[in-house]
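run_15.cif follows; it contains mmCIF, C-alpha atoms and all ligand atoms.
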```
data_start
#
loop_
_atom_site.label_atom_id
_atom_site.label_comp_id
_atom_site.auth_asym_id
_atom_site.auth_seq_id
_atom_site.Cartn_x
_atom_site.Cartn_y
_atom_site.Cartn_z
CA MET A 280 -71.14 51.18 4.23
CA ALA A 281 -69.11 48.08 3.31
CA ARG A 282 -66.21 50.13 1.94
CA TRP A 283 -66.32 52.52 4.87
CA CYS A 284 -66.03 49.60 7.31
CA ALA A 285 -63.21 48.05 5.30
CA ARG A 286 -61.31 51.35 5.28
CA ASN A 287 -61.48 51.25 9.07
CA GLY A 288 -59.92 47.80 8.93
CA TRP A 289 -63.13 45.96 9.78
CA PRO A 290 -63.74 42.85 7.62
CA VAL A 291 -67.23 42.69 6.09
CA HIS A 292 -69.39 39.93 4.65
CA PRO A 293 -72.76 40.00 2.90
CA LEU A 294 -76.09 39.60 4.66
CA ALA A 295 -79.23 38.40 2.90
CA ALA A 296 -81.37 41.36 1.78
CA GLY A 297 -83.59 42.43 4.65
CA HIS A 298 -82.17 39.85 7.05
CA LYS A 299 -79.58 39.69 9.80
CA THR A 300 -78.21 36.39 8.51
CA PRO A 301 -75.39 35.77 6.00
CA VAL A 302 -76.29 35.09 2.38
CA ALA A 303 -76.61 31.42 1.45
CA ASN A 304 -73.61 29.30 0.52
CA CYS A 305 -73.18 28.12 -3.07
CA GLU A 306 -74.74 24.81 -4.08
CA PRO A 307 -71.59 22.63 -3.64
CA CYS A 308 -70.97 24.16 -0.20
CA ARG A 309 -74.54 23.37 0.80
CA GLN A 310 -74.31 19.78 -0.46
CA GLN A 311 -70.95 18.75 0.96
CA ARG A 312 -70.02 19.44 4.55
CA HIS A 313 -66.54 20.87 4.97
CA ALA A 314 -64.62 23.26 7.16
CA PRO A 315 -64.47 26.85 5.93
CA ALA A 316 -60.67 26.61 6.02
CA ASP A 317 -60.86 23.82 3.41
CA CYS A 318 -63.31 25.66 1.16
CA PRO A 319 -62.11 26.68 -2.32
CA CYS A 320 -64.79 29.38 -2.55
CA ILE A 321 -63.26 31.88 -0.15
CA PRO A 322 -59.82 32.09 -1.85
CA ALA A 323 -61.71 32.27 -5.17
CA GLY A 324 -63.49 35.43 -3.97
CA ARG A 325 -66.93 33.96 -3.20
CA TRP A 326 -68.95 34.72 -0.07
CA CYS A 327 -69.65 31.22 1.25
CA HIS A 328 -69.51 30.47 5.00
CA GLY A 329 -70.71 33.79 6.34
CA PHE A 330 -68.19 35.66 8.46
CA HIS A 331 -65.41 33.27 7.39
CA ALA A 332 -65.50 35.04 4.02
CA ALA A 333 -65.27 38.51 5.58
CA THR A 334 -62.83 40.75 3.73
CA VAL A 335 -61.34 44.26 3.63
CA SER A 336 -60.56 43.95 -0.09
CA ASP A 337 -62.04 46.83 -2.11
CA GLU A 338 -62.04 44.66 -5.21
CA ARG A 339 -64.01 41.89 -3.54
CA ILE A 340 -66.41 44.31 -1.85
CA ASP A 341 -67.13 46.08 -5.15
CA ALA A 342 -67.73 42.77 -6.90
CA TRP A 343 -70.13 41.53 -4.24
CA TRP A 344 -72.23 44.63 -3.62
CA SER A 345 -72.33 45.98 -7.16
CA ALA A 346 -73.81 42.66 -8.28
CA HIS A 347 -76.19 42.56 -5.27
CA PRO A 348 -76.99 46.11 -4.13
CA GLY A 349 -79.75 44.85 -1.85
CA TRP A 350 -77.41 42.84 0.34
CA GLY A 351 -76.79 44.04 3.86
CA VAL A 352 -73.37 44.42 5.44
CA GLY A 353 -72.16 42.23 8.28
CA VAL A 354 -69.02 43.15 10.21
CA SER A 355 -66.85 40.37 11.61
CA CYS A 356 -66.38 41.91 15.05
CA GLY A 357 -63.68 39.55 16.35
CA PRO A 358 -61.17 40.09 13.54
CA ALA A 359 -62.19 43.77 13.45
CA ASP A 360 -61.25 43.96 17.15
CA LEU A 361 -64.61 45.57 17.89
CA VAL A 362 -66.97 45.09 20.80
CA VAL A 363 -70.55 45.85 19.76
CA ILE A 364 -73.32 46.08 22.35
CA ASP A 365 -76.65 44.86 20.94
CA VAL A 366 -79.49 46.53 22.86
CA ASP A 367 -82.98 45.11 22.44
CA ALA A 368 -85.95 47.44 22.71
CA HIS A 369 -88.71 44.91 23.13
CA ALA A 370 -90.15 44.65 26.60
CA ALA A 371 -89.48 41.29 28.21
CA GLU A 372 -90.43 39.84 31.54
CA VAL A 373 -87.86 41.03 34.06
CA PRO A 374 -86.04 38.15 35.73
CA ASP A 375 -85.36 38.03 39.44
CA ARG A 376 -82.71 40.55 40.52
CA SER A 377 -80.29 37.70 41.24
CA ARG A 378 -80.33 36.78 37.54
CA LEU A 379 -80.82 40.16 35.88
CA LEU A 380 -77.12 40.95 35.46
CA PRO A 381 -75.41 37.57 35.90
CA GLY A 382 -72.49 37.82 38.31
CA ILE A 383 -73.41 41.35 39.43
CA PRO A 384 -75.32 41.53 42.71
CA ILE A 385 -78.17 44.08 42.78
CA GLY A 386 -78.92 45.19 46.32
CA GLN A 387 -82.46 45.31 47.69
CA GLN A 388 -82.18 49.12 47.89
CA VAL A 389 -82.14 49.33 44.07
CA ASP A 390 -85.68 49.96 42.83
CA LEU A 391 -86.31 47.92 39.68
CA THR A 392 -89.80 49.33 39.11
CA GLY A 393 -90.36 50.26 35.48
CA LEU A 394 -87.46 48.20 34.17
CA ALA A 395 -88.62 46.89 30.78
CA THR A 396 -86.21 46.86 27.84
CA GLY A 397 -82.53 46.29 27.18
CA PHE A 398 -82.02 50.05 27.33
CA ASP A 399 -83.20 50.01 30.96
CA THR A 400 -80.98 47.06 31.85
CA LEU A 401 -77.95 48.68 30.21
CA ALA A 402 -78.64 51.95 32.05
CA LEU A 403 -78.91 50.00 35.30
CA LEU A 404 -75.58 48.25 34.68
CA ALA A 405 -73.93 51.58 33.87
CA ALA A 406 -75.42 53.22 36.98
CA LEU A 407 -74.14 50.37 39.18
CA ARG A 408 -70.67 51.13 37.75
CA GLY A 409 -71.12 54.89 38.20
CA ARG A 410 -71.02 55.54 34.46
CA PRO A 411 -73.44 57.03 31.91
CA SER A 412 -75.31 54.54 29.75
CA PRO A 413 -73.48 53.58 26.53
CA ALA A 414 -76.81 54.19 24.75
CA GLU A 415 -76.20 57.92 25.46
CA ASP A 416 -72.51 57.80 24.51
CA GLU A 417 -72.06 60.44 21.79
CA ARG A 418 -68.33 59.69 21.45
CA THR A 419 -68.91 56.46 19.56
CA LEU A 420 -70.93 54.99 16.69
CA ARG A 421 -74.49 54.16 17.66
CA VAL A 422 -76.81 52.60 15.09
CA ARG A 423 -80.56 52.25 15.49
CA THR A 424 -81.80 48.80 14.46
CA PRO A 425 -85.10 48.36 12.56
CA SER A 426 -86.75 46.90 15.66
CA GLY A 427 -85.99 50.02 17.71
CA GLY A 428 -82.91 48.58 19.38
CA MET A 429 -79.38 49.88 19.07
CA HIS A 430 -75.89 48.68 18.22
CA ILE A 431 -73.19 50.56 20.12
CA TRP A 432 -69.70 50.15 18.70
CA TYR A 433 -66.45 50.24 20.66
CA ARG A 434 -62.87 49.40 19.86
CA ASN A 435 -61.66 46.57 22.07
CA PRO A 436 -59.82 48.34 24.92
CA HIS A 437 -57.65 45.27 25.68
CA PRO A 438 -57.66 45.87 29.44
ZN ZN B 1 -69.13 27.80 -1.86
ZN ZN B 2 -67.46 25.95 1.11
#
```

Let's see the structure in the file written out as C-alpha cells.
Amino acid sequence: MARWCARNGWPVHPLAAGHKTPVANCEPCRQQRHAPADCPCIPAGRWCHGFHAATVSDERIDAWWSAHPGWGVGVSCGPADLVVIDVDAHAAEVPDRSRLLPGIPIGQQVDLTGLATGFDTLALLAALRGRPSPAEDERTLRVRTPSGGMHIWYRNPHP
C-alpha cells in the first residue's frame, strides 16, 4: 500500500497500528517544542511530525514498514494533489435544511425524509448538481473504512 501510493507520487507517512492518527514523535521531539521545518529527525529519515515526514522514497518506506508491519499508511493529500471525500456512515441528527449543505440552498420542494448518513447527504449534493453520487463512481478509487464509511479519491482537477 505505502509503496503503491509512493509510485503514484503520493507522499505517505506512518499511522499508529489500528488508529487513524500518526505514530508518536521520538522522545526529544515530544520534550522540546519546535517547528517541523527545524527538526533534525525528518532529514535523518525518521517519522516524527506526522504528515510533515511524508515521503515517496522507497528506501525510507521499506525501512519504516519492514520494521513496523502493523503500522497503517497515511497519505499527505495536499502534496499528493489529491482530493479525498470522507463519507461517514453513522446516522446523525439532520440539521435544518438551511445548514445541511452550507452555502447551497435546498428548496422546500426537496423531500429530506429518510436522510440519515453522509452517504445520503453526498447523494443529495450530487443530485442538486445533476450528477451521480461519488460513492457510486466506479471510475475512481473508493475505499471502505472500518466504520462503514468510505474514502473517495480524486486527483485535484485545478478548475
Ligand atoms: Zn523526532
Ligand atoms: Zn522534531

- Item | Environment of ligand ZN 2 (chain B) within 10 Å, counting all atoms listed in the file, reported as JSON, numbers by chain | {"A": [304, 305, 306, 307, 308, 309, 310, 311, 312, 313, 314, 315, 316, 317, 318, 319, 320, 321, 325, 326, 327, 328, 329, 331, 332]}

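Nearest residue to ligand ZN 1 (chain B) among A:Ala303, A:Val352, A:Val373, A:Ala414 is A:Ala303, counting all atoms listed in the file.
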
Do you have, as a tab-separated table, the list of residues of range 345-405 of chain A lying at most 6 Å from range 295-300 of chain A, each with its nearest atom pair and that distance in Å to one decimal, counting all atoms listed in the file and ordered by chain then number?
```
residue	atom	partner	partner_atom	distance
A:Gly349	CA	A:Ala296	CA	5.3
A:Trp350	CA	A:Ala296	CA	4.5
A:Gly351	CA	A:Ala296	CA	5.7
```

- Using all atoms listed in the file: which of A:Gly353, A:Pro322, A:Pro381, A:Pro290 has the shortest distance to ligand ZN 1 (chain B): A:Pro322

- Message: Restricting the calculation to all atoms listed in the file: of A:Tyr433, A:Phe398, A:Trp289, A:Trp283, which residue gets closest to Arg421 in chain A?
- Response: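 Selected residue with least distance to Arg421 in chain A: A:Tyr433.
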
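Residue nearest Asp341 in chain A within the list A:Asp365, A:Gly324, A:Ala359, A:Gly386: A:Gly324 [criterion: smallest interatomic distance, only C-alpha atoms].
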
- Computed interatomic separation between CA of Asn435 in chain A and CA of Gly288 in chain A (Å):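 So the answer is 13.3 Å.
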